[in-house]
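Coordinates as given in work.pdb (PDB, C-alpha atoms and all ligand atoms):
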ATOM      1  CA  MET A   1      26.331   0.665 -11.322  1.00  0.00           C
ATOM      2  CA  ASP A   2      23.713   1.263  -8.562  1.00  0.00           C
ATOM      3  CA  ARG A   3      21.770  -1.879  -7.676  1.00  0.00           C
ATOM      4  CA  TYR A   4      18.199  -1.854  -6.404  1.00  0.00           C
ATOM      5  CA  ALA A   5      15.245  -4.248  -6.500  1.00  0.00           C
ATOM      6  CA  VAL A   6      11.601  -4.702  -5.612  1.00  0.00           C
ATOM      7  CA  LEU A   7      10.835  -7.672  -3.338  1.00  0.00           C
ATOM      8  CA  GLY A   8       7.410  -9.281  -3.151  1.00  0.00           C
ATOM      9  CA  GLN A   9       5.293 -12.381  -3.588  1.00  0.00           C
ATOM     10  CA  PRO A  10       3.827 -12.221  -6.177  1.00  0.00           C
ATOM     11  CA  VAL A  11       6.141  -9.720  -7.875  1.00  0.00           C
ATOM     12  CA  GLY A  12       5.830 -10.571 -11.573  1.00  0.00           C
ATOM     13  CA  HIS A  13       3.149  -7.900 -12.053  1.00  0.00           C
ATOM     14  CA  SER A  14       5.327  -5.095 -10.654  1.00  0.00           C
ATOM     15  CA  LYS A  15       6.028  -2.106 -12.869  1.00  0.00           C
ATOM     16  CA  SER A  16       8.731  -0.888 -10.465  1.00  0.00           C
ATOM     17  CA  PRO A  17      11.635  -2.045 -12.692  1.00  0.00           C
ATOM     18  CA  ARG A  18      10.238  -0.042 -15.630  1.00  0.00           C
ATOM     19  CA  ILE A  19       9.400   3.004 -13.497  1.00  0.00           C
ATOM     20  CA  HIS A  20      12.830   3.129 -11.886  1.00  0.00           C
ATOM     21  CA  ALA A  21      14.615   2.554 -15.193  1.00  0.00           C
ATOM     22  CA  ALA A  22      12.758   5.611 -16.533  1.00  0.00           C
ATOM     23  CA  PHE A  23      13.717   7.710 -13.476  1.00  0.00           C
ATOM     24  CA  ALA A  24      17.356   6.632 -13.820  1.00  0.00           C
ATOM     25  CA  ALA A  25      17.440   7.391 -17.546  1.00  0.00           C
ATOM     26  CA  SER A  26      16.064  10.889 -16.915  1.00  0.00           C
ATOM     27  CA  LEU A  27      18.850  11.487 -14.354  1.00  0.00           C
ATOM     28  CA  ASP A  28      21.673   9.810 -16.317  1.00  0.00           C
ATOM     29  CA  GLN A  29      22.084   7.334 -13.459  1.00  0.00           C
ATOM     30  CA  LYS A  30      23.510   3.897 -14.217  1.00  0.00           C
ATOM     31  CA  LEU A  31      21.022   1.572 -12.565  1.00  0.00           C
ATOM     32  CA  LEU A  32      20.327  -2.109 -12.262  1.00  0.00           C
ATOM     33  CA  TYR A  33      16.805  -2.606 -10.867  1.00  0.00           C
ATOM     34  CA  GLU A  34      15.463  -6.152 -10.548  1.00  0.00           C
ATOM     35  CA  ALA A  35      12.266  -7.804  -9.236  1.00  0.00           C
ATOM     36  CA  TYR A  36      12.705 -10.770  -6.887  1.00  0.00           C
ATOM     37  CA  GLU A  37      10.069 -13.177  -5.629  1.00  0.00           C
ATOM     38  CA  ILE A  38      10.717 -13.529  -1.879  1.00  0.00           C
ATOM     39  CA  ALA A  39       8.614 -15.630   0.537  1.00  0.00           C
ATOM     40  CA  PRO A  40       7.584 -13.977   3.841  1.00  0.00           C
ATOM     41  CA  ASP A  41      10.030 -15.939   6.007  1.00  0.00           C
ATOM     42  CA  GLU A  42      12.854 -15.172   3.562  1.00  0.00           C
ATOM     43  CA  LEU A  43      12.652 -11.361   3.818  1.00  0.00           C
ATOM     44  CA  ALA A  44      15.116 -10.813   6.699  1.00  0.00           C
ATOM     45  CA  PRO A  45      17.803 -13.264   5.480  1.00  0.00           C
ATOM     46  CA  SER A  46      17.410 -12.012   1.899  1.00  0.00           C
ATOM     47  CA  LEU A  47      17.986  -8.395   2.952  1.00  0.00           C
ATOM     48  CA  SER A  48      21.152  -9.387   4.845  1.00  0.00           C
ATOM     49  CA  ARG A  49      22.422 -11.334   1.854  1.00  0.00           C
ATOM     50  CA  PHE A  50      21.623  -8.586  -0.657  1.00  0.00           C
ATOM     51  CA  HIS A  51      23.335  -6.011   1.539  1.00  0.00           C
ATOM     52  CA  ALA A  52      26.461  -8.183   1.802  1.00  0.00           C
ATOM     53  CA  GLU A  53      26.458  -8.411  -2.010  1.00  0.00           C
ATOM     54  CA  GLY A  54      26.412  -4.604  -2.318  1.00  0.00           C
ATOM     55  CA  TRP A  55      22.763  -3.855  -3.176  1.00  0.00           C
ATOM     56  CA  GLN A  56      21.841  -0.339  -2.032  1.00  0.00           C
ATOM     57  CA  GLY A  57      18.089  -0.287  -1.519  1.00  0.00           C
ATOM     58  CA  PHE A  58      14.735  -1.941  -2.086  1.00  0.00           C
ATOM     59  CA  ASN A  59      11.073  -1.426  -2.662  1.00  0.00           C
ATOM     60  CA  LEU A  60       8.768  -3.781  -0.788  1.00  0.00           C
ATOM     61  CA  THR A  61       5.398  -4.884  -2.040  1.00  0.00           C
ATOM     62  CA  VAL A  62       2.788  -7.415  -0.944  1.00  0.00           C
ATOM     63  CA  PRO A  63       3.157  -9.099   1.620  1.00  0.00           C
ATOM     64  CA  HIS A  64       6.326  -7.493   3.048  1.00  0.00           C
ATOM     65  CA  LYS A  65       5.341  -3.918   3.933  1.00  0.00           C
ATOM     66  CA  GLN A  66       4.614  -4.452   7.632  1.00  0.00           C
ATOM     67  CA  ALA A  67       7.352  -7.012   8.276  1.00  0.00           C
ATOM     68  CA  GLY A  68       9.787  -4.690   6.485  1.00  0.00           C
ATOM     69  CA  ALA A  69       8.955  -1.888   8.933  1.00  0.00           C
ATOM     70  CA  THR A  70      10.055  -4.064  11.854  1.00  0.00           C
ATOM     71  CA  LEU A  71      13.425  -4.727  10.180  1.00  0.00           C
ATOM     72  CA  CYS A  72      14.302  -1.024   9.918  1.00  0.00           C
ATOM     73  CA  GLU A  73      16.670   0.732  12.275  1.00  0.00           C
ATOM     74  CA  THR A  74      15.058   4.111  11.511  1.00  0.00           C
ATOM     75  CA  ARG A  75      11.767   5.131   9.836  1.00  0.00           C
ATOM     76  CA  SER A  76      10.329   8.308   8.292  1.00  0.00           C
ATOM     77  CA  ASP A  77       7.238   9.871   9.904  1.00  0.00           C
ATOM     78  CA  ALA A  78       5.069   8.435   7.109  1.00  0.00           C
ATOM     79  CA  ALA A  79       6.448   4.943   7.717  1.00  0.00           C
ATOM     80  CA  GLU A  80       6.048   5.310  11.472  1.00  0.00           C
ATOM     81  CA  GLN A  81       2.396   6.392  11.133  1.00  0.00           C
ATOM     82  CA  ALA A  82       1.681   3.584   8.685  1.00  0.00           C
ATOM     83  CA  GLY A  83       3.592   0.858  10.527  1.00  0.00           C
ATOM     84  CA  ALA A  84       4.514  -0.230   7.004  1.00  0.00           C
ATOM     85  CA  VAL A  85       7.282   0.583   4.515  1.00  0.00           C
ATOM     86  CA  ASN A  86       7.539   0.373   0.738  1.00  0.00           C
ATOM     87  CA  THR A  87      11.060   1.791   0.452  1.00  0.00           C
ATOM     88  CA  LEU A  88      14.263   0.647   2.175  1.00  0.00           C
ATOM     89  CA  ILE A  89      17.370   2.830   2.026  1.00  0.00           C
ATOM     90  CA  ARG A  90      20.675   1.520   3.323  1.00  0.00           C
ATOM     91  CA  THR A  91      22.494   3.751   5.824  1.00  0.00           C
ATOM     92  CA  ALA A  92      25.904   3.142   7.406  1.00  0.00           C
ATOM     93  CA  THR A  93      24.325   1.178  10.227  1.00  0.00           C
ATOM     94  CA  GLY A  94      21.087  -0.393   8.956  1.00  0.00           C
ATOM     95  CA  TRP A  95      17.917   0.111   6.915  1.00  0.00           C
ATOM     96  CA  HIS A  96      15.952   3.358   6.851  1.00  0.00           C
ATOM     97  CA  GLY A  97      12.298   2.751   5.962  1.00  0.00           C
ATOM     98  CA  ASP A  98       9.996   5.163   4.136  1.00  0.00           C
ATOM     99  CA  ASN A  99       6.424   4.900   2.906  1.00  0.00           C
ATOM    100  CA  THR A 100       5.524   6.772  -0.272  1.00  0.00           C
ATOM    101  CA  ASP A 101       2.203   4.985  -0.883  1.00  0.00           C
ATOM    102  CA  GLY A 102      -0.004   7.647   0.693  1.00  0.00           C
ATOM    103  CA  ALA A 103       1.652  10.667  -0.891  1.00  0.00           C
ATOM    104  CA  GLY A 104       1.556   8.932  -4.290  1.00  0.00           C
ATOM    105  CA  LEU A 105      -2.086   7.959  -3.920  1.00  0.00           C
ATOM    106  CA  VAL A 106      -3.253  11.410  -2.812  1.00  0.00           C
ATOM    107  CA  ARG A 107      -1.347  13.045  -5.674  1.00  0.00           C
ATOM    108  CA  ASP A 108      -2.827  10.621  -8.206  1.00  0.00           C
ATOM    109  CA  LEU A 109      -6.364  11.164  -6.926  1.00  0.00           C
ATOM    110  CA  MET A 110      -6.222  14.944  -6.639  1.00  0.00           C
ATOM    111  CA  SER A 111      -3.739  16.098  -9.304  1.00  0.00           C
ATOM    112  CA  ASN A 112      -4.060  13.436 -12.011  1.00  0.00           C
ATOM    113  CA  LEU A 113      -7.688  12.395 -11.644  1.00  0.00           C
ATOM    114  CA  GLY A 114      -9.320  15.496 -10.114  1.00  0.00           C
ATOM    115  CA  VAL A 115     -11.004  13.441  -7.366  1.00  0.00           C
ATOM    116  CA  GLU A 116     -12.014  15.491  -4.293  1.00  0.00           C
ATOM    117  CA  ILE A 117     -11.276  14.069  -0.827  1.00  0.00           C
ATOM    118  CA  ARG A 118     -12.170  17.068   1.357  1.00  0.00           C
ATOM    119  CA  GLY A 119     -15.697  16.762   2.743  1.00  0.00           C
ATOM    120  CA  LYS A 120     -16.250  13.358   1.107  1.00  0.00           C
ATOM    121  CA  ARG A 121     -17.146  10.005   2.625  1.00  0.00           C
ATOM    122  CA  VAL A 122     -14.159   7.735   1.988  1.00  0.00           C
ATOM    123  CA  LEU A 123     -13.938   3.960   2.533  1.00  0.00           C
ATOM    124  CA  VAL A 124     -10.724   1.922   2.497  1.00  0.00           C
ATOM    125  CA  LEU A 125     -11.109  -1.836   1.958  1.00  0.00           C
ATOM    126  CA  GLY A 126      -8.356  -3.948   3.538  1.00  0.00           C
ATOM    127  CA  ALA A 127      -6.151  -3.495   6.576  1.00  0.00           C
ATOM    128  CA  GLY A 128      -2.751  -4.807   5.499  1.00  0.00           C
ATOM    129  CA  GLY A 129       0.413  -2.931   4.630  1.00  0.00           C
ATOM    130  CA  ALA A 130      -1.095  -1.171   1.606  1.00  0.00           C
ATOM    131  CA  ALA A 131      -4.082   0.168   3.582  1.00  0.00           C
ATOM    132  CA  ARG A 132      -1.907   1.310   6.465  1.00  0.00           C
ATOM    133  CA  GLY A 133       0.237   3.403   4.121  1.00  0.00           C
ATOM    134  CA  ILE A 134      -2.627   5.561   2.857  1.00  0.00           C
ATOM    135  CA  LEU A 135      -4.754   6.309   5.937  1.00  0.00           C
ATOM    136  CA  ALA A 136      -2.823   9.203   7.501  1.00  0.00           C
ATOM    137  CA  PRO A 137      -2.372  11.050   4.154  1.00  0.00           C
ATOM    138  CA  LEU A 138      -6.097  10.582   3.401  1.00  0.00           C
ATOM    139  CA  LEU A 139      -7.037  11.926   6.865  1.00  0.00           C
ATOM    140  CA  ALA A 140      -4.848  14.969   6.240  1.00  0.00           C
ATOM    141  CA  GLU A 141      -7.013  15.885   3.223  1.00  0.00           C
ATOM    142  CA  GLY A 142     -10.080  16.326   5.470  1.00  0.00           C
ATOM    143  CA  PRO A 143     -12.698  13.762   4.389  1.00  0.00           C
ATOM    144  CA  SER A 144     -16.045  14.100   6.199  1.00  0.00           C
ATOM    145  CA  GLU A 145     -15.673  10.419   7.143  1.00  0.00           C
ATOM    146  CA  LEU A 146     -12.821   7.937   6.729  1.00  0.00           C
ATOM    147  CA  ALA A 147     -13.853   4.326   7.291  1.00  0.00           C
ATOM    148  CA  ILE A 148     -11.733   1.189   7.052  1.00  0.00           C
ATOM    149  CA  SER A 149     -13.266  -2.196   6.505  1.00  0.00           C
ATOM    150  CA  ASN A 150     -11.652  -5.622   6.488  1.00  0.00           C
ATOM    151  CA  ARG A 151     -12.405  -9.343   6.310  1.00  0.00           C
ATOM    152  CA  ASN A 152     -10.622  -9.879   9.628  1.00  0.00           C
ATOM    153  CA  PRO A 153     -12.575  -7.551  11.967  1.00  0.00           C
ATOM    154  CA  TRP A 154      -9.981  -6.826  14.644  1.00  0.00           C
ATOM    155  CA  LYS A 155      -7.443  -5.187  12.327  1.00  0.00           C
ATOM    156  CA  PRO A 156      -9.526  -2.026  11.572  1.00  0.00           C
ATOM    157  CA  GLU A 157     -10.134  -1.565  15.325  1.00  0.00           C
ATOM    158  CA  GLU A 158      -6.424  -1.794  16.000  1.00  0.00           C
ATOM    159  CA  ILE A 159      -5.517   0.645  13.195  1.00  0.00           C
ATOM    160  CA  ALA A 160      -8.213   3.162  14.226  1.00  0.00           C
ATOM    161  CA  ALA A 161      -6.898   3.096  17.810  1.00  0.00           C
ATOM    162  CA  ALA A 162      -3.287   3.527  16.695  1.00  0.00           C
ATOM    163  CA  LEU A 163      -4.107   6.517  14.441  1.00  0.00           C
ATOM    164  CA  LYS A 164      -6.503   8.183  16.927  1.00  0.00           C
ATOM    165  CA  PRO A 165      -4.050  11.059  17.609  1.00  0.00           C
ATOM    166  CA  LEU A 166      -4.207  11.989  13.896  1.00  0.00           C
ATOM    167  CA  GLY A 167      -7.995  11.938  13.566  1.00  0.00           C
ATOM    168  CA  ASN A 168     -11.096   9.788  13.521  1.00  0.00           C
ATOM    169  CA  ILE A 169     -11.087   6.548  11.513  1.00  0.00           C
ATOM    170  CA  VAL A 170     -14.265   4.460  11.673  1.00  0.00           C
ATOM    171  CA  PRO A 171     -13.523   0.728  11.957  1.00  0.00           C
ATOM    172  CA  ARG A 172     -15.972  -1.465  10.013  1.00  0.00           C
ATOM    173  CA  THR A 173     -16.366  -4.973   8.668  1.00  0.00           C
ATOM    174  CA  HIS A 174     -17.350  -5.613   5.038  1.00  0.00           C
ATOM    175  CA  LEU A 175     -20.754  -7.067   5.894  1.00  0.00           C
ATOM    176  CA  SER A 176     -21.649  -4.243   8.306  1.00  0.00           C
ATOM    177  CA  LEU A 177     -21.381  -1.763   5.399  1.00  0.00           C
ATOM    178  CA  LYS A 178     -24.842  -2.718   4.143  1.00  0.00           C
ATOM    179  CA  GLY A 179     -26.945   0.413   3.621  1.00  0.00           C
ATOM    180  CA  ASP A 180     -24.022   2.856   3.759  1.00  0.00           C
ATOM    181  CA  ARG A 181     -22.912   4.932   0.757  1.00  0.00           C
ATOM    182  CA  TYR A 182     -19.438   6.319   0.030  1.00  0.00           C
ATOM    183  CA  ASP A 183     -18.140   8.950  -2.394  1.00  0.00           C
ATOM    184  CA  LEU A 184     -14.788   7.194  -2.772  1.00  0.00           C
ATOM    185  CA  VAL A 185     -14.074   3.476  -2.241  1.00  0.00           C
ATOM    186  CA  LEU A 186     -10.425   2.420  -2.359  1.00  0.00           C
ATOM    187  CA  ASN A 187      -9.553  -1.251  -2.687  1.00  0.00           C
ATOM    188  CA  ALA A 188      -6.375  -1.869  -0.668  1.00  0.00           C
ATOM    189  CA  THR A 189      -6.850  -5.624  -0.319  1.00  0.00           C
ATOM    190  CA  SER A 190      -4.650  -8.115  -2.152  1.00  0.00           C
ATOM    191  CA  ALA A 191      -7.693 -10.225  -3.144  1.00  0.00           C
ATOM    192  CA  GLY A 192      -7.281  -9.232  -6.819  1.00  0.00           C
ATOM    193  CA  HIS A 193      -4.004 -11.149  -7.009  1.00  0.00           C
ATOM    194  CA  SER A 194      -6.054 -14.338  -6.707  1.00  0.00           C
ATOM    195  CA  GLY A 195      -8.761 -13.018  -9.051  1.00  0.00           C
ATOM    196  CA  SER A 196     -11.298 -12.231  -6.313  1.00  0.00           C
ATOM    197  CA  ILE A 197     -12.761  -9.289  -4.382  1.00  0.00           C
ATOM    198  CA  PRO A 198     -13.797  -8.926  -0.743  1.00  0.00           C
ATOM    199  CA  ARG A 199     -17.412  -9.937   0.006  1.00  0.00           C
ATOM    200  CA  LEU A 200     -19.203  -6.589  -0.075  1.00  0.00           C
ATOM    201  CA  PRO A 201     -22.827  -5.471   0.064  1.00  0.00           C
ATOM    202  CA  PRO A 202     -24.087  -4.628  -3.448  1.00  0.00           C
ATOM    203  CA  LYS A 203     -24.640  -0.853  -3.166  1.00  0.00           C
ATOM    204  CA  LEU A 204     -21.684   0.970  -1.674  1.00  0.00           C
ATOM    205  CA  PHE A 205     -21.490   4.052  -3.890  1.00  0.00           C
ATOM    206  CA  ALA A 206     -23.130   7.422  -3.394  1.00  0.00           C
ATOM    207  CA  GLU A 207     -24.266   9.103  -6.605  1.00  0.00           C
ATOM    208  CA  GLY A 208     -21.167   9.961  -8.644  1.00  0.00           C
ATOM    209  CA  GLY A 209     -19.063   7.749  -6.366  1.00  0.00           C
ATOM    210  CA  VAL A 210     -15.550   6.758  -7.436  1.00  0.00           C
ATOM    211  CA  ALA A 211     -13.911   3.310  -7.277  1.00  0.00           C
ATOM    212  CA  TYR A 212     -10.098   3.184  -7.114  1.00  0.00           C
ATOM    213  CA  ASP A 213      -7.867   0.133  -6.851  1.00  0.00           C
ATOM    214  CA  LEU A 214      -4.424   0.392  -5.297  1.00  0.00           C
ATOM    215  CA  ASN A 215      -3.452  -2.666  -7.308  1.00  0.00           C
ATOM    216  CA  TYR A 216      -2.794  -2.277 -10.994  1.00  0.00           C
ATOM    217  CA  GLY A 217      -2.913  -4.482 -14.077  1.00  0.00           C
ATOM    218  CA  GLN A 218      -4.750  -7.784 -13.816  1.00  0.00           C
ATOM    219  CA  ALA A 219      -5.006  -7.593 -10.005  1.00  0.00           C
ATOM    220  CA  ALA A 220      -7.155  -4.441 -10.262  1.00  0.00           C
ATOM    221  CA  VAL A 221      -9.660  -5.950 -12.700  1.00  0.00           C
ATOM    222  CA  PRO A 222     -12.037  -7.869 -10.358  1.00  0.00           C
ATOM    223  CA  PHE A 223     -12.791  -4.891  -8.088  1.00  0.00           C
ATOM    224  CA  LEU A 224     -13.087  -2.334 -10.884  1.00  0.00           C
ATOM    225  CA  VAL A 225     -15.417  -4.642 -12.838  1.00  0.00           C
ATOM    226  CA  TRP A 226     -17.501  -5.115  -9.687  1.00  0.00           C
TER
HETATM  227  P1  LIG A 301      -0.655  -5.588   1.345  1.00  0.00           P
HETATM  228  O1  LIG A 301       0.783  -5.220   1.592  1.00  0.00           O
HETATM  229  O2  LIG A 301      -1.003  -5.613  -0.125  1.00  0.00           O
HETATM  230  O3  LIG A 301      -1.627  -4.786   2.146  1.00  0.00           O
HETATM  231  P2  LIG A 301      -1.123  -7.723   3.218  1.00  0.00           P
HETATM  232  O4  LIG A 301      -0.455  -6.923   4.291  1.00  0.00           O
HETATM  233  O5  LIG A 301      -0.852  -9.171   3.082  1.00  0.00           O
HETATM  234  O6  LIG A 301      -0.790  -7.124   1.791  1.00  0.00           O
HETATM  235  O7  LIG A 301      -2.711  -7.464   3.385  1.00  0.00           O
HETATM  236  C1  LIG A 301      -3.650  -8.057   2.535  1.00  0.00           C
HETATM  237  C2  LIG A 301      -5.038  -7.448   2.760  1.00  0.00           C
HETATM  238  O8  LIG A 301      -5.941  -7.967   1.767  1.00  0.00           O
HETATM  239  C3  LIG A 301      -5.659  -7.765   4.108  1.00  0.00           C
HETATM  240  O9  LIG A 301      -6.494  -6.699   4.495  1.00  0.00           O
HETATM  241  C4  LIG A 301      -6.507  -9.014   3.786  1.00  0.00           C
HETATM  242  O10 LIG A 301      -7.611  -9.218   4.664  1.00  0.00           O
HETATM  243  P3  LIG A 301      -7.400 -10.043   6.061  1.00  0.00           P
HETATM  244  O11 LIG A 301      -6.709  -9.083   6.989  1.00  0.00           O
HETATM  245  O12 LIG A 301      -8.781 -10.341   6.516  1.00  0.00           O
HETATM  246  O13 LIG A 301      -6.587 -11.259   5.717  1.00  0.00           O
HETATM  247  C5  LIG A 301      -7.024  -8.635   2.417  1.00  0.00           C
HETATM  248  N1  LIG A 301      -7.421  -9.792   1.597  1.00  0.00           N
HETATM  249  C6  LIG A 301      -6.614 -10.654   0.935  1.00  0.00           C
HETATM  250  N2  LIG A 301      -7.340 -11.569   0.263  1.00  0.00           N
HETATM  251  C7  LIG A 301      -8.650 -11.273   0.486  1.00  0.00           C
HETATM  252  C8  LIG A 301      -9.896 -11.827   0.059  1.00  0.00           C
HETATM  253  N3  LIG A 301      -9.943 -12.888  -0.756  1.00  0.00           N
HETATM  254  N4  LIG A 301     -11.047 -11.248   0.489  1.00  0.00           N
HETATM  255  C9  LIG A 301     -10.999 -10.173   1.311  1.00  0.00           C
HETATM  256  N5  LIG A 301      -9.854  -9.594   1.755  1.00  0.00           N
HETATM  257  C10 LIG A 301      -8.686 -10.127   1.344  1.00  0.00           C
END

Spell out the structure here as structure tokens.
Amino acid sequence: MDRYAVLGQPVGHSKSPRIHAAFAASLDQKLLYEAYEIAPDELAPSLSRFHAEGWQGFNLTVPHKQAGATLCETRSDAAEQAGAVNTLIRTATGWHGDNTDGAGLVRDLMSNLGVEIRGKRVLVLGAGGAARGILAPLLAEGPSELAISNRNPWKPEEIAAALKPLGNIVPRTHLSLKGDRYDLVLNATSAGHSGSIPRLPPKLFAEGGVAYDLNYGQAAVPFLVW
């Protein structure tokens, strides 16, 4: 029996156990996939313990994506660009980190939902692990502008500087967005987990603009209602 789990805090909302059970069933793989609530300072010791017990790999969700990247011995290009991982694969010598958030998001937007990115003004709210995972894949689709806005103002500056070799990302703060209009606004903050949204100016959407929340279930409700 292969053993995997998703680690997060909170983690009760995660659909990963159901999603992975469906993958495994379609491949005739015998799989145990659990969800464990792990506090930030427990991530490193928990991974060591799980590995010693024979668990093979993990998904990481809020708030572990950036810390997880620092615990990896090797990282995929996507994880390296993001500085964040959502997937840990055990190798003979340590953890290999990958980040599938951006590829999954871009596919959902373009293939499932028919949302154009090329030539559009795109705004990402939040600058944590979830936001970091999607910026390079969004840039690769050729938006006319990609802006990132956050409550804590220095994080967008830092991310824009780090991703400069890949393209231009405009660092913003939520309040400075007043008067600007975007075709696509992606909520990558974790505010929805506590039932709130970032403090935003009232009119952010260009005509026909699209709102998308990277959270799902109850955590996506406050932003989508707004
Ligand atoms: P994740 O892995 O989901 O990105 P994270 O790395 O803990 O989780 O990042 C959380 C993000 O949500 C951050 O951008 C955080 O803003 P700060 O950097 O200013 O802390 C944002 N966030 C969380 N709660 C928020 C709230 N109530 N209002 C606005 N932003 C919030």

So for ligand LIG 301 (chain A), what box centre and size do we get, axis-aligned, 4 Å extra on each of the six sides, every listed atom, Å to one decimal, as JSON?
{"center_x": -5.1, "center_y": -8.8, "center_z": 3.1, "size_x": 19.8, "size_y": 16.1, "size_z": 15.7}

| field | Non-local contacts of Arg199 in chain A (9 Å; all atoms listed in the file; under 2 positions in same chain excluded) as a count of residues only | value | 5

| request: Can you tell me which residues come within 7 Å of ligand LIG 301 (chain A) when counting only C-alpha atoms and all ligand atoms, ideally as number ranges by chain? | output: A: 61-66, 126-131, 150-152, 155, 188-191, 196-199

| Just so the selection is clear, what residues does the PyMOL selection byres (((chain A and resi 17-25) around 12) and not hetatm) cover here, as a ChimeraX atom specification? | /A:1-7,11-16,26-36,58-59

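Among the candidates A:Leu105, A:Leu43, A:Ala136, A:Ser76, the one nearest to Ala160 in chain A when counting only C-alpha atoms is A:Ala136.
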
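Of the residues listed (A:Gly208, A:Glu145, A:Asp98, A:Ala44), A:Asp98 shows the shortest atom-to-atom separation from Gly133 in chain A; distances use only C-alpha atoms.
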
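Applied to this file, the PyMOL selection byres (((chain A and resi 89) around 9) and not hetatm) selects Gln56, Gly57, Phe58, Asn59, Thr87, Leu88, Arg90, Thr91, Gly94, Trp95, His96, Gly97 and Asp98 of chain A.
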
Selection above as a file: C-alpha atoms, as a CSV table (one decimal), in the frame of the given file:
chain,number,residue,atom,x,y,z
A,56,GLN,CA,21.8,-0.3,-2.0
A,57,GLY,CA,18.1,-0.3,-1.5
A,58,PHE,CA,14.7,-1.9,-2.1
A,59,ASN,CA,11.1,-1.4,-2.7
A,87,THR,CA,11.1,1.8,0.5
A,88,LEU,CA,14.3,0.6,2.2
A,90,ARG,CA,20.7,1.5,3.3
A,91,THR,CA,22.5,3.8,5.8
A,94,GLY,CA,21.1,-0.4,9.0
A,95,TRP,CA,17.9,0.1,6.9
A,96,HIS,CA,16.0,3.4,6.9
A,97,GLY,CA,12.3,2.8,6.0
A,98,ASP,CA,10.0,5.2,4.1

| message | For the PyMOL selection byres (((chain A and resi 117) around 12) and not hetatm), applied here, can you spell out every residue it catches as a VMD selection string? | response | chain A and resid 105 to 111 113 to 116 118 to 123 137 to 146 182 to 186 209 to 210

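Taking CA of Phe50 in chain A and CA of Gln218 in chain A as the two end points, the separation is 29.5 Å.
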
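Ranking A:His193, A:Trp154, A:Lys178, A:Leu125 by their shortest atom-to-atom distance to Tyr216 in chain A, with all atoms listed in the file included, puts A:His193 first.
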
| said: Please compute the CA of Val85 in chain A-CA of Ser194 in chain A distance, one decimal, in Å. | reply: 22.9 Å

| said: Just to confirm, what's the straight-line distance from CA of Phe223 in chain A to CA of Glu37 in chain A in Å (one decimal)? | reply: 24.4 Å

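Among A:Ala206, A:Leu214, A:Asn187, A:Gly8, the residue with the shortest atom-to-atom distance to Ala39 in chain A, counting all atoms listed in the file, is A:Gly8.
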